[in-house]
file model.csv (CSV, C-alpha atoms)
chain,number,residue,atom,x,y,z
R,1,SER,CA,-19.5,37.3,-8.0
R,2,VAL,CA,-17.2,35.8,-5.5
R,3,LEU,CA,-17.8,32.3,-6.8
R,4,SER,CA,-17.4,33.4,-10.4
R,5,ARG,CA,-14.1,35.0,-9.6
R,6,TYR,CA,-12.8,31.6,-8.4
R,7,GLU,CA,-14.6,29.4,-10.9
R,8,ASN,CA,-11.6,29.0,-13.2
R,9,GLN,CA,-8.9,29.3,-10.6
R,10,ILE,CA,-6.1,26.8,-11.3
R,11,THR,CA,-3.0,26.2,-9.2
R,12,ILE,CA,0.0,25.6,-11.4
R,13,LEU,CA,2.7,23.5,-9.8
R,14,SER,CA,6.1,22.7,-11.0
R,15,ASP,CA,7.5,19.2,-11.6
R,16,TYR,CA,7.9,16.9,-8.6
R,17,LEU,CA,10.6,17.6,-6.1
R,18,GLU,CA,12.6,20.0,-8.3
R,19,GLU,CA,11.9,22.8,-5.8
R,20,PHE,CA,13.4,20.8,-2.9
R,21,PRO,CA,16.9,21.9,-1.9
R,22,GLU,CA,19.8,19.5,-1.9
R,23,THR,CA,20.0,18.6,1.7
R,24,ASP,CA,20.9,15.8,4.1
R,25,GLU,CA,18.0,16.8,6.4
R,26,PRO,CA,15.2,14.3,6.6
R,27,VAL,CA,11.7,15.0,5.3
R,28,TRP,CA,8.9,13.9,7.6
R,29,ILE,CA,5.5,13.0,6.1
R,30,LEU,CA,2.8,11.9,8.5
R,31,GLY,CA,5.0,9.9,10.8
R,32,ARG,CA,7.3,8.6,8.0
R,33,GLN,CA,10.9,9.7,7.5
R,34,HIS,CA,12.3,10.2,4.0
R,35,HIS,CA,15.7,11.2,2.7
R,36,LEU,CA,15.9,13.3,-0.4
R,37,ASN,CA,19.3,12.1,-1.4
R,38,ALA,CA,18.3,8.4,-1.1
R,39,ASP,CA,14.7,7.9,-1.8
R,40,LYS,CA,13.0,10.7,-3.7
R,41,SER,CA,10.7,8.2,-5.4
R,42,LYS,CA,9.4,7.0,-2.1
R,43,LEU,CA,8.7,10.5,-0.9
R,44,LEU,CA,6.9,11.2,-4.2
R,45,LEU,CA,4.7,8.1,-3.8
R,46,ASP,CA,3.9,9.0,-0.2
R,47,VAL,CA,2.7,12.5,-1.0
R,48,THR,CA,0.8,11.3,-4.1
R,49,GLY,CA,-0.9,8.6,-2.1
R,50,ARG,CA,-2.8,11.1,0.2
R,51,LEU,CA,-6.3,11.8,-0.9
R,52,TRP,CA,-6.4,15.4,-2.2
R,53,PHE,CA,-9.7,17.3,-2.0
R,54,THR,CA,-10.0,20.6,-3.8
R,55,TYR,CA,-12.6,23.1,-4.8
R,56,ARG,CA,-15.2,21.6,-7.1
R,57,ARG,CA,-17.8,23.0,-9.4
R,58,LYS,CA,-21.1,21.8,-11.0
R,59,PHE,CA,-22.2,19.7,-8.1
R,60,SER,CA,-25.9,19.7,-7.1
R,61,PRO,CA,-26.8,22.9,-5.2
R,62,ILE,CA,-26.2,22.7,-1.5
R,63,GLY,CA,-29.5,22.5,0.3
R,64,GLY,CA,-31.3,22.5,-3.0
R,65,THR,CA,-30.9,26.2,-3.7
R,66,GLY,CA,-27.4,27.0,-2.4
R,67,PRO,CA,-24.1,27.2,-4.2
R,68,SER,CA,-23.0,24.5,-6.7
R,69,SER,CA,-19.4,25.3,-6.2
R,70,ASP,CA,-17.3,25.8,-3.1
R,71,ALA,CA,-14.6,27.8,-4.8
R,72,GLY,CA,-13.6,30.8,-2.7
R,73,TRP,CA,-15.0,29.5,0.6
R,74,GLY,CA,-14.6,25.8,1.1
R,75,CYS,CA,-10.9,25.4,1.5
R,76,MET,CA,-10.9,24.6,5.2
R,77,LEU,CA,-13.7,22.1,4.7
R,78,ARG,CA,-11.6,20.4,2.0
R,79,CYS,CA,-8.6,20.3,4.4
R,80,GLY,CA,-10.8,18.7,7.0
R,81,GLN,CA,-11.9,16.1,4.4
R,82,MET,CA,-8.2,15.4,3.7
R,83,MET,CA,-7.4,14.8,7.4
R,84,LEU,CA,-10.4,12.6,7.9
R,85,ALA,CA,-9.7,10.6,4.7
R,86,GLN,CA,-6.1,9.9,5.9
R,87,ALA,CA,-7.6,8.6,9.2
R,88,LEU,CA,-9.9,6.3,7.2
R,89,ILE,CA,-7.0,5.0,5.0
R,90,CYS,CA,-5.0,4.2,8.1
R,91,ARG,CA,-8.1,2.5,9.6
R,92,HIS,CA,-8.9,0.3,6.6
R,93,LEU,CA,-5.7,0.1,4.5
R,94,GLY,CA,-2.9,1.0,6.9
R,95,ARG,CA,-0.4,3.8,6.8
R,96,ASP,CA,2.0,2.0,4.4
R,97,TRP,CA,-0.7,1.6,1.7
R,98,GLN,CA,0.3,3.3,-1.5
R,99,TRP,CA,-1.8,4.6,-4.4
R,100,GLU,CA,-0.4,4.3,-7.9
R,101,LYS,CA,-1.9,5.7,-11.1
R,102,HIS,CA,-4.0,3.2,-13.2
R,103,LYS,CA,-3.4,0.4,-10.6
R,104,LYS,CA,-6.4,-1.5,-9.4
R,105,GLN,CA,-7.3,-0.4,-5.8
R,106,PRO,CA,-9.1,-2.4,-3.1
R,107,GLU,CA,-12.9,-2.0,-2.6
R,108,GLU,CA,-12.2,-0.3,0.8
R,109,TYR,CA,-10.4,2.5,-1.0
R,110,HIS,CA,-13.3,3.2,-3.3
R,111,ARG,CA,-15.7,3.0,-0.4
R,112,ILE,CA,-13.6,5.6,1.5
R,113,LEU,CA,-13.5,7.9,-1.5
R,114,ARG,CA,-17.3,7.6,-2.0
R,115,CYS,CA,-17.7,9.0,1.6
R,116,PHE,CA,-16.4,12.4,0.3
R,117,LEU,CA,-18.0,12.8,-3.1
R,118,ASP,CA,-19.9,16.1,-3.6
R,119,ARG,CA,-23.3,14.6,-3.2
R,120,LYS,CA,-25.9,15.3,-0.5
R,121,ASP,CA,-26.1,11.6,0.4
R,122,CYS,CA,-22.4,11.1,1.0
R,123,CYS,CA,-21.6,11.3,4.7
R,124,TYR,CA,-18.6,13.6,4.5
R,125,SER,CA,-19.5,15.6,1.4
R,126,ILE,CA,-19.2,19.3,1.1
R,127,HIS,CA,-23.0,19.3,1.3
R,128,GLN,CA,-23.1,17.6,4.7
R,129,MET,CA,-20.2,19.6,6.1
R,130,ALA,CA,-21.6,23.0,5.1
R,131,GLN,CA,-25.1,22.1,6.4
R,132,MET,CA,-23.7,20.8,9.7
R,133,GLY,CA,-21.8,24.0,10.0
R,134,VAL,CA,-25.0,25.9,10.3
R,135,GLY,CA,-25.4,24.4,13.8
R,136,GLU,CA,-21.9,25.8,14.6
R,137,GLY,CA,-23.0,29.3,13.6
R,138,LYS,CA,-21.6,29.2,10.0
R,139,SER,CA,-23.8,30.1,7.1
R,140,ILE,CA,-23.5,28.0,3.9
R,141,GLY,CA,-20.8,29.7,1.9
R,142,GLU,CA,-19.0,31.2,4.9
R,143,TRP,CA,-15.4,30.4,5.6
R,144,PHE,CA,-14.7,27.9,8.5
R,145,GLY,CA,-11.8,27.9,11.0
R,146,PRO,CA,-9.9,24.8,12.1
R,147,ASN,CA,-12.0,24.3,15.3
R,148,THR,CA,-15.3,24.6,13.5
R,149,VAL,CA,-14.3,22.0,10.9
R,150,ALA,CA,-13.3,19.7,13.8
R,151,GLN,CA,-16.7,20.1,15.5
R,152,VAL,CA,-18.5,19.4,12.2
R,153,LEU,CA,-16.5,16.2,11.6
R,154,LYS,CA,-17.2,15.1,15.2
R,155,LYS,CA,-20.9,15.4,14.6
R,156,LEU,CA,-21.0,13.8,11.2
R,157,ALA,CA,-18.9,10.8,12.4
R,158,LEU,CA,-21.8,9.9,14.8
R,159,PHE,CA,-23.9,8.9,11.7
R,160,ASP,CA,-21.1,6.9,10.0
R,161,GLU,CA,-21.6,3.3,11.1
R,162,TRP,CA,-19.2,1.7,8.6
R,163,ASN,CA,-16.1,3.6,9.8
R,164,SER,CA,-17.3,3.7,13.4
R,165,LEU,CA,-14.8,6.3,14.6
R,166,ALA,CA,-14.7,8.0,18.0
R,167,VAL,CA,-13.9,11.6,17.3
R,168,TYR,CA,-12.4,13.6,20.3
R,169,VAL,CA,-11.9,17.3,19.9
R,170,SER,CA,-10.0,18.7,22.8
R,171,MET,CA,-11.2,21.7,24.9
R,172,ASP,CA,-9.1,24.5,26.3
R,173,ASN,CA,-5.8,23.1,25.0
R,174,THR,CA,-6.3,20.0,27.2
R,175,VAL,CA,-6.5,16.3,26.2
R,176,VAL,CA,-8.1,14.2,28.9
R,177,ILE,CA,-7.0,10.5,28.8
R,178,GLU,CA,-9.9,9.3,31.0
R,179,ASP,CA,-12.5,10.9,28.7
R,180,ILE,CA,-11.0,9.4,25.6
R,181,LYS,CA,-10.8,5.9,27.0
R,182,LYS,CA,-14.4,6.3,28.3
R,183,MET,CA,-15.5,7.3,24.8
R,184,CYS,CA,-13.5,4.7,22.9
R,185,TRP,CA,-14.6,1.9,25.2
R,186,SER,CA,-18.3,3.0,25.5
R,187,PRO,CA,-20.7,0.2,24.7
R,188,PRO,CA,-22.3,0.4,21.2
R,189,GLN,CA,-25.8,1.6,20.7
R,190,SER,CA,-28.2,-1.3,20.5
R,191,SER,CA,-30.2,-1.9,17.4
R,192,SER,CA,-33.4,-1.1,19.2
R,193,ALA,CA,-32.0,2.1,20.5
R,194,ALA,CA,-30.7,2.9,17.0
R,195,HIS,CA,-34.1,2.4,15.6
R,196,SER,CA,-35.8,4.6,18.2
R,197,SER,CA,-33.5,7.5,17.2
R,198,ALA,CA,-35.7,10.2,15.9
R,199,HIS,CA,-33.7,11.1,12.9
R,200,LEU,CA,-30.7,9.6,11.1
R,201,HIS,CA,-28.8,11.0,8.1
R,202,ARG,CA,-29.5,8.9,5.0
R,203,SER,CA,-25.8,9.4,4.2
R,204,ALA,CA,-24.8,7.5,7.3
R,205,LEU,CA,-26.9,4.5,6.3
R,206,GLY,CA,-27.1,2.2,3.3
R,207,ARG,CA,-23.7,2.5,1.8
R,208,ASN,CA,-22.0,2.9,5.2
R,209,LYS,CA,-24.1,0.3,7.0
R,210,ASN,CA,-21.9,-2.3,8.6
R,211,THR,CA,-22.0,-4.5,11.7
R,212,ALA,CA,-18.6,-2.9,12.7
R,213,GLY,CA,-20.7,-0.1,14.3
R,214,LEU,CA,-22.2,-2.8,16.6
R,215,CYS,CA,-19.0,-4.5,17.6
R,216,THR,CA,-17.7,-4.3,21.1
R,217,GLY,CA,-14.1,-3.2,21.8
R,218,TRP,CA,-12.0,-0.1,21.2
R,219,LYS,CA,-13.4,2.3,18.7
R,220,PRO,CA,-10.7,3.7,16.4
R,221,LEU,CA,-9.9,7.2,17.6
R,222,LEU,CA,-9.6,10.4,15.6
R,223,LEU,CA,-8.1,12.9,18.0
R,224,ILE,CA,-8.2,16.6,16.9
R,225,ILE,CA,-6.5,19.3,19.0
R,226,PRO,CA,-7.4,22.9,18.0
R,227,LEU,CA,-4.7,25.3,19.2
R,228,ARG,CA,-3.8,29.0,19.2
R,229,LEU,CA,0.0,29.1,19.0
R,230,GLY,CA,0.3,32.9,19.3
R,231,ILE,CA,-1.6,36.1,19.0
R,232,ASN,CA,-1.0,37.5,15.5
R,233,HIS,CA,1.9,35.3,14.6
R,234,ILE,CA,3.1,31.8,15.7
R,235,ASN,CA,5.3,32.0,18.8
R,236,PRO,CA,8.7,30.6,18.0
R,237,VAL,CA,8.7,28.7,21.3
R,238,TYR,CA,6.1,26.3,19.8
R,239,ILE,CA,8.0,25.4,16.6
R,240,ASP,CA,10.0,22.4,17.8
R,241,ALA,CA,7.0,20.8,19.5
R,242,PHE,CA,4.8,21.5,16.4
R,243,LYS,CA,7.3,19.8,14.1
R,244,GLU,CA,7.6,16.9,16.6
R,245,CYS,CA,3.9,16.1,16.0
R,246,PHE,CA,4.6,15.2,12.4
R,247,LYS,CA,7.1,12.6,13.5
R,248,MET,CA,4.6,10.6,15.5
R,249,PRO,CA,3.4,7.4,13.8
R,250,GLN,CA,-0.2,8.5,14.8
R,251,SER,CA,0.2,11.8,12.9
R,252,LEU,CA,-2.6,13.0,10.6
R,253,GLY,CA,-0.9,16.3,10.1
R,254,ALA,CA,-2.5,19.7,10.8
R,255,LEU,CA,-5.2,22.1,9.6
R,256,GLY,CA,-4.2,25.7,9.2
R,257,GLY,CA,-2.7,28.2,6.8
R,258,LYS,CA,-3.1,31.9,6.5
R,259,PRO,CA,-6.1,34.1,7.2
R,260,ASN,CA,-9.0,32.8,5.0
R,261,ASN,CA,-6.6,30.6,3.1
R,262,ALA,CA,-6.5,27.0,4.5
R,263,TYR,CA,-3.9,24.2,3.8
R,264,TYR,CA,-3.5,20.6,4.9
R,265,PHE,CA,-0.1,20.3,6.4
R,266,ILE,CA,1.4,16.8,6.1
R,267,GLY,CA,5.0,17.2,7.1
R,268,PHE,CA,8.1,19.4,7.2
R,269,LEU,CA,11.7,19.8,6.0
R,270,GLY,CA,13.8,21.9,8.2
R,271,ASN,CA,11.8,25.0,9.1
R,272,GLU,CA,9.5,24.7,6.2
R,273,LEU,CA,6.1,23.0,6.3
R,274,ILE,CA,4.9,20.7,3.5
R,275,TYR,CA,1.3,20.9,2.6
R,276,LEU,CA,-1.5,20.0,0.1
R,277,ASP,CA,-3.3,23.0,-1.3
R,278,PRO,CA,-7.1,22.8,-2.0
R,279,HIS,CA,-7.1,26.0,-4.0
R,280,THR,CA,-7.7,24.4,-7.4
R,281,THR,CA,-11.1,24.3,-8.9
R,282,GLN,CA,-12.0,21.0,-10.6
R,283,SER,CA,-15.3,19.6,-12.0
R,284,PHE,CA,-17.6,17.4,-10.0
R,285,VAL,CA,-16.8,13.7,-10.2
R,286,ASP,CA,-19.4,11.0,-9.4
R,287,SER,CA,-19.0,7.2,-8.8
R,288,GLU,CA,-19.3,4.7,-11.7
R,289,GLU,CA,-22.2,2.2,-11.9
R,290,ASN,CA,-19.9,-0.5,-10.3
R,291,GLY,CA,-19.1,1.8,-7.4
R,292,THR,CA,-15.6,2.7,-8.4
R,293,VAL,CA,-14.5,6.3,-8.8
R,294,ASP,CA,-12.3,7.9,-11.5
R,295,ASP,CA,-9.8,8.9,-8.9
R,296,GLU,CA,-7.0,10.7,-10.7
R,297,SER,CA,-8.2,14.1,-9.8
R,298,PHE,CA,-8.2,13.1,-6.1
R,299,HIS,CA,-4.4,12.7,-5.9
R,300,CYS,CA,-2.0,15.6,-6.2
R,301,GLN,CA,0.5,14.4,-8.8
R,302,GLN,CA,2.8,17.4,-8.7
R,303,ALA,CA,5.3,18.8,-6.2
R,304,PRO,CA,3.9,19.5,-2.8
R,305,HIS,CA,3.9,23.1,-1.6
R,306,ARG,CA,6.2,24.4,1.1
R,307,MET,CA,6.0,27.5,3.3
R,308,LYS,CA,8.1,28.9,6.1
R,309,ILE,CA,6.7,27.8,9.5
R,310,MET,CA,6.9,31.3,10.8
R,311,ASN,CA,4.4,32.4,8.1
R,312,LEU,CA,1.8,30.0,9.6
R,313,ASP,CA,-1.3,31.6,11.1
R,314,PRO,CA,-1.3,30.7,14.8
R,315,SER,CA,-4.8,29.1,14.7
R,316,VAL,CA,-4.3,25.4,13.8
R,317,ALA,CA,-5.7,22.0,14.6
R,318,LEU,CA,-3.4,18.9,15.0
R,319,GLY,CA,-4.8,15.5,14.0
R,320,PHE,CA,-3.9,12.0,15.2
R,321,PHE,CA,-5.3,8.5,14.6
R,322,CYS,CA,-5.1,5.6,17.1
R,323,LYS,CA,-6.6,2.4,15.7
R,324,GLU,CA,-6.0,0.4,18.9
R,325,GLU,CA,-5.7,1.4,22.5
R,326,CYS,CA,-2.0,0.6,22.4
R,327,ASP,CA,-1.6,3.2,19.7
R,328,PHE,CA,-3.2,5.8,22.0
R,329,ASP,CA,-1.0,4.7,25.0
R,330,ASN,CA,2.0,5.0,22.8
R,331,TRP,CA,0.9,8.5,21.7
R,332,CYS,CA,0.5,9.6,25.3
R,333,SER,CA,4.0,8.4,26.0
R,334,LEU,CA,5.5,10.3,23.0
R,335,VAL,CA,3.7,13.5,24.1
R,336,GLN,CA,5.0,13.2,27.6
R,337,LYS,CA,8.6,12.5,26.4
R,338,GLU,CA,8.9,14.7,23.3
R,339,ILE,CA,6.6,17.6,23.9
R,340,LEU,CA,5.6,18.2,27.5
R,341,LYS,CA,8.8,17.5,29.3
R,342,GLN,CA,11.0,19.6,27.0
R,343,GLN,CA,8.7,22.7,26.6
R,344,SER,CA,8.7,25.7,28.9
R,345,LEU,CA,5.5,26.9,27.3
R,346,ARG,CA,3.4,23.9,26.4
R,347,MET,CA,1.3,23.7,23.2
R,348,PHE,CA,-1.3,21.7,25.0
R,349,GLU,CA,-1.8,19.7,28.2
R,350,LEU,CA,-2.3,16.0,28.6
R,351,VAL,CA,-4.0,15.0,31.8
R,352,GLN,CA,-5.1,11.7,33.2
R,353,LYS,CA,-8.3,12.7,35.0
R,354,HIS,CA,-11.3,14.8,33.9
R,355,PRO,CA,-10.8,18.3,35.5
R,356,PRO,CA,-13.2,18.5,38.4
R,357,HIS,CA,-14.3,22.1,37.5
R,358,TRP,CA,-15.4,21.0,34.0
R,359,PRO,CA,-18.9,19.7,33.3
R,360,PRO,CA,-19.2,15.9,33.4
R,361,PHE,CA,-18.0,14.1,30.3
R,362,ILE,CA,-20.7,12.3,28.4
R,363,PRO,CA,-19.7,10.3,25.2
R,364,PRO,CA,-21.5,11.9,22.3
R,365,THR,CA,-24.4,10.1,20.7
R,366,LYS,CA,-26.4,10.6,17.5
R,367,PRO,CA,-28.2,14.0,17.8
R,368,GLU,CA,-31.4,15.0,16.2
R,369,VAL,CA,-30.4,16.9,13.1
R,370,THR,CA,-32.3,19.8,11.8
R,371,THR,CA,-29.8,21.5,9.5
R,372,THR,CA,-31.3,23.1,6.4
R,373,GLY,CA,-31.6,20.8,3.4
R,374,ALA,CA,-30.3,17.7,5.1
R,375,GLU,CA,-32.0,14.5,4.0
R,376,LEU,CA,-33.3,12.7,7.1
R,377,ILE,CA,-34.8,9.3,7.5
R,378,GLU,CA,-36.2,7.6,10.5
R,379,SER,CA,-34.5,4.2,10.4
R,380,THR,CA,-32.3,1.8,8.4
R,381,ASP,CA,-35.2,-0.4,7.8
R,382,LYS,CA,-37.2,2.4,6.2
R,383,LEU,CA,-34.3,3.2,4.0
R,384,PHE,CA,-34.0,-0.3,2.7
R,385,GLU,CA,-37.8,-0.5,2.1
R,386,LEU,CA,-37.5,2.6,-0.1
R,387,GLU,CA,-34.6,1.2,-2.0
R,388,GLU,CA,-36.5,-2.1,-2.6
R,389,GLU,CA,-39.6,-0.2,-3.8
R,390,PHE,CA,-37.4,1.9,-6.2
R,391,GLU,CA,-35.8,-1.3,-7.6
R,392,ILE,CA,-39.3,-2.9,-8.2
R,393,LEU,CA,-40.5,0.3,-9.9
R,394,SER,CA,-37.4,0.4,-12.0
R,395,VAL,CA,-38.0,-3.2,-13.2

call {"tool": "encode", "arguments": {"input": "model.csv", "output": "structure tokens"}}
result
Amino acid sequence: SVLSRYENQITILSDYLEEFPETDEPVWILGRQHHLNADKSKLLLDVTGRLWFTYRRKFSPIGGTGPSSDAGWGCMLRCGQMMLAQALICRHLGRDWQWEKHKKQPEEYHRILRCFLDRKDCCYSIHQMAQMGVGEGKSIGEWFGPNTVAQVLKKLALFDEWNSLAVYVSMDNTVVIEDIKKMCWSPPQSSSAAHSSAHLHRSALGRNKNTAGLCTGWKPLLLIIPLRLGINHINPVYIDAFKECFKMPQSLGALGGKPNNAYYFIGFLGNELIYLDPHTTQSFVDSEENGTVDDESFHCQQAPHRMKIMNLDPSVALGFFCKEECDFDNWCSLVQKEILKQQSLRMFELVQKHPPHWPPFIPPTKPEVTTTGAELIESTDKLFELEEEFEILSV
């Protein structure tokens, strides 16, 4: 009954930018500054270019027998997808890449989009996220919070060889520089070790197989910082620091919203946050035979929503992407200068060394996955054998 209530929910938005006030104040979108009086069209293109994930219906049932729509419960999962997709765009296409309707897009773009399609064999699909959430204590169909989504993305990224991300989720409002550098510089898993792994997600293999996962060097960093910025309401002392995060070139925005109502925050104007809203139910879209995706419904082509920052639920998660070590070093400098040195009550701590009273830090590796309904396969070789057999049978 809950799902049916939301099946036909549609969010109606007004025309682009008409709701924005006449102001000389800059608009910040994921580390980029825009001026409404000078370059509205650039702001429009920047917002439209973000991948927009919403509720979907008529996909294959999650776990084989579960829901075939995430309407009413999947909004935070969709926001997590949007934050991760922005990281992947920065990784492969760069922050200045722009999407335009009906324009031919690079193969990397379609490959990124395929990671998020609502199919059980796509590595960041609603299926994989919901099933991985079971290990975090969330039943399929149950609403997630920002920290739970962060933990799920951290686990799923371990199976994604193509993007080869290091995902760091901070603990106790503390970011440890030493641990991040240890994780991003950790030696890759050898092919023999990878083959001996007991179980691997099929979604992480095949379409995401790439030698990038076996290269040495800095692994691109997705840094997620779950925070509690107050008890029942956001504490005003955090507002300036929170807004400052959207100005950083490494910004991936923030996950948050209102109780049981998640949004993906991408910027701000004055004391209003700008966000993409996942609360629109659209039909399932699959990839074409040539691997491209009809992508119009994955870009919000109407005015972005705004809300007063004081209406924000205090439970949020900040996201940042550092492709190179120098990006991370620059982020640390910005945090020290713009957030930590100017705040009497800090949003989070940035420390050089691993706290001695914490358990030792061990870079995460592929776990054995036993989530309900997840398709598992023992090795990449076995997967390719199955694909070859299928092709022969098809002929």

call {"tool": "closest_residue", "arguments": {"input": "model.csv", "among": "R:Leu273, R:Ile231, R:Val167, R:Leu158", "to": "Gly257 in chain R", "atoms": "all atoms listed in the file"}}
result
R:Leu273

call {"tool": "residues_around", "arguments": {"input": "model.csv", "residues": "range 29-37 of chain R", "least_positions_apart": "2", "cutoff": "8 Å", "atoms": "all atoms listed in the file", "output": "PDB file with C-alpha atoms, keeping the file's coordinate frame"}}
result
ATOM      1  CA  GLU R  22      19.800  19.500  -1.900  1.00  0.00           C
ATOM      2  CA  THR R  23      20.000  18.600   1.700  1.00  0.00           C
ATOM      3  CA  ASP R  24      20.900  15.800   4.100  1.00  0.00           C
ATOM      4  CA  GLU R  25      18.000  16.800   6.400  1.00  0.00           C
ATOM      5  CA  PRO R  26      15.200  14.300   6.600  1.00  0.00           C
ATOM      6  CA  VAL R  27      11.700  15.000   5.300  1.00  0.00           C
ATOM      7  CA  ASP R  39      14.700   7.900  -1.800  1.00  0.00           C
ATOM      8  CA  LYS R  40      13.000  10.700  -3.700  1.00  0.00           C
ATOM      9  CA  LYS R  42       9.400   7.000  -2.100  1.00  0.00           C
ATOM     10  CA  LEU R  43       8.700  10.500  -0.900  1.00  0.00           C
ATOM     11  CA  ASP R  46       3.900   9.000  -0.200  1.00  0.00           C
ATOM     12  CA  VAL R  47       2.700  12.500  -1.000  1.00  0.00           C
ATOM     13  CA  PHE R 246       4.600  15.200  12.400  1.00  0.00           C
ATOM     14  CA  LYS R 247       7.100  12.600  13.500  1.00  0.00           C
ATOM     15  CA  MET R 248       4.600  10.600  15.500  1.00  0.00           C
ATOM     16  CA  PRO R 249       3.400   7.400  13.800  1.00  0.00           C
ATOM     17  CA  GLN R 250      -0.200   8.500  14.800  1.00  0.00           C
ATOM     18  CA  SER R 251       0.200  11.800  12.900  1.00  0.00           C
ATOM     19  CA  LEU R 252      -2.600  13.000  10.600  1.00  0.00           C
ATOM     20  CA  GLY R 253      -0.900  16.300  10.100  1.00  0.00           C
ATOM     21  CA  ILE R 266       1.400  16.800   6.100  1.00  0.00           C
ATOM     22  CA  GLY R 267       5.000  17.200   7.100  1.00  0.00           C
ATOM     23  CA  PHE R 268       8.100  19.400   7.200  1.00  0.00           C
TER      24      PHE R 268
END

call {"tool": "residues_around", "arguments": {"input": "model.csv", "residues": "range 310-318 of chain R", "least_positions_apart": "6", "cutoff": "9 Å", "atoms": "all atoms listed in the file", "output": "PyMOL selection string"}}
result
chain R and resi 145-147+150+223-236+239+242+245+251-259+271-273

call {"tool": "write_last_selection", "arguments": {"input": "model.csv", "atoms": "C-alpha atoms", "output": "CSV table (one decimal), in the coordinates of the input"}}
result
chain,number,residue,atom,x,y,z
R,145,GLY,CA,-11.8,27.9,11.0
R,146,PRO,CA,-9.9,24.8,12.1
R,147,ASN,CA,-12.0,24.3,15.3
R,150,ALA,CA,-13.3,19.7,13.8
R,223,LEU,CA,-8.1,12.9,18.0
R,224,ILE,CA,-8.2,16.6,16.9
R,225,ILE,CA,-6.5,19.3,19.0
R,226,PRO,CA,-7.4,22.9,18.0
R,227,LEU,CA,-4.7,25.3,19.2
R,228,ARG,CA,-3.8,29.0,19.2
R,229,LEU,CA,0.0,29.1,19.0
R,230,GLY,CA,0.3,32.9,19.3
R,231,ILE,CA,-1.6,36.1,19.0
R,232,ASN,CA,-1.0,37.5,15.5
R,233,HIS,CA,1.9,35.3,14.6
R,234,ILE,CA,3.1,31.8,15.7
R,235,ASN,CA,5.3,32.0,18.8
R,236,PRO,CA,8.7,30.6,18.0
R,239,ILE,CA,8.0,25.4,16.6
R,242,PHE,CA,4.8,21.5,16.4
R,245,CYS,CA,3.9,16.1,16.0
R,251,SER,CA,0.2,11.8,12.9
R,252,LEU,CA,-2.6,13.0,10.6
R,253,GLY,CA,-0.9,16.3,10.1
R,254,ALA,CA,-2.5,19.7,10.8
R,255,LEU,CA,-5.2,22.1,9.6
R,256,GLY,CA,-4.2,25.7,9.2
R,257,GLY,CA,-2.7,28.2,6.8
R,258,LYS,CA,-3.1,31.9,6.5
R,259,PRO,CA,-6.1,34.1,7.2
R,271,ASN,CA,11.8,25.0,9.1
R,272,GLU,CA,9.5,24.7,6.2
R,273,LEU,CA,6.1,23.0,6.3

call {"tool": "closest_residue", "arguments": {"input": "model.csv", "among": "R:Phe321, R:Tyr275, R:Phe348, R:Trp358", "to": "Arg95 in chain R", "atoms": "all atoms listed in the file"}}
result
R:Phe321

call {"tool": "residues_around", "arguments": {"input": "model.csv", "residues": "Thr65 in chain R", "least_positions_apart": "2", "cutoff": "12 Å", "atoms": "only C-alpha atoms", "output": "ChimeraX atom specification"}}
result
/R:59-63,67-69,127,140,372-373

call {"tool": "atom_distance", "arguments": {"input": "model.csv", "atom1": "CA of Leu93 in chain R", "atom2": "CA of Lys323 in chain R"}}
result
11.5 Å

call {"tool": "atom_distance", "arguments": {"input": "model.csv", "atom1": "CA of Gln301 in chain R", "atom2": "CA of Trp99 in chain R"}}
result
11.0 Å

call {"tool": "closest_residue", "arguments": {"input": "model.csv", "among": "R:Glu136, R:Glu244, R:Asp96, R:Asp118", "to": "Gln282 in chain R", "atoms": "all atoms listed in the file"}}
result
R:Asp118

call {"tool": "atom_distance", "arguments": {"input": "model.csv", "atom1": "CA of Ala262 in chain R", "atom2": "CA of Met76 in chain R"}}
result
5.1 Å
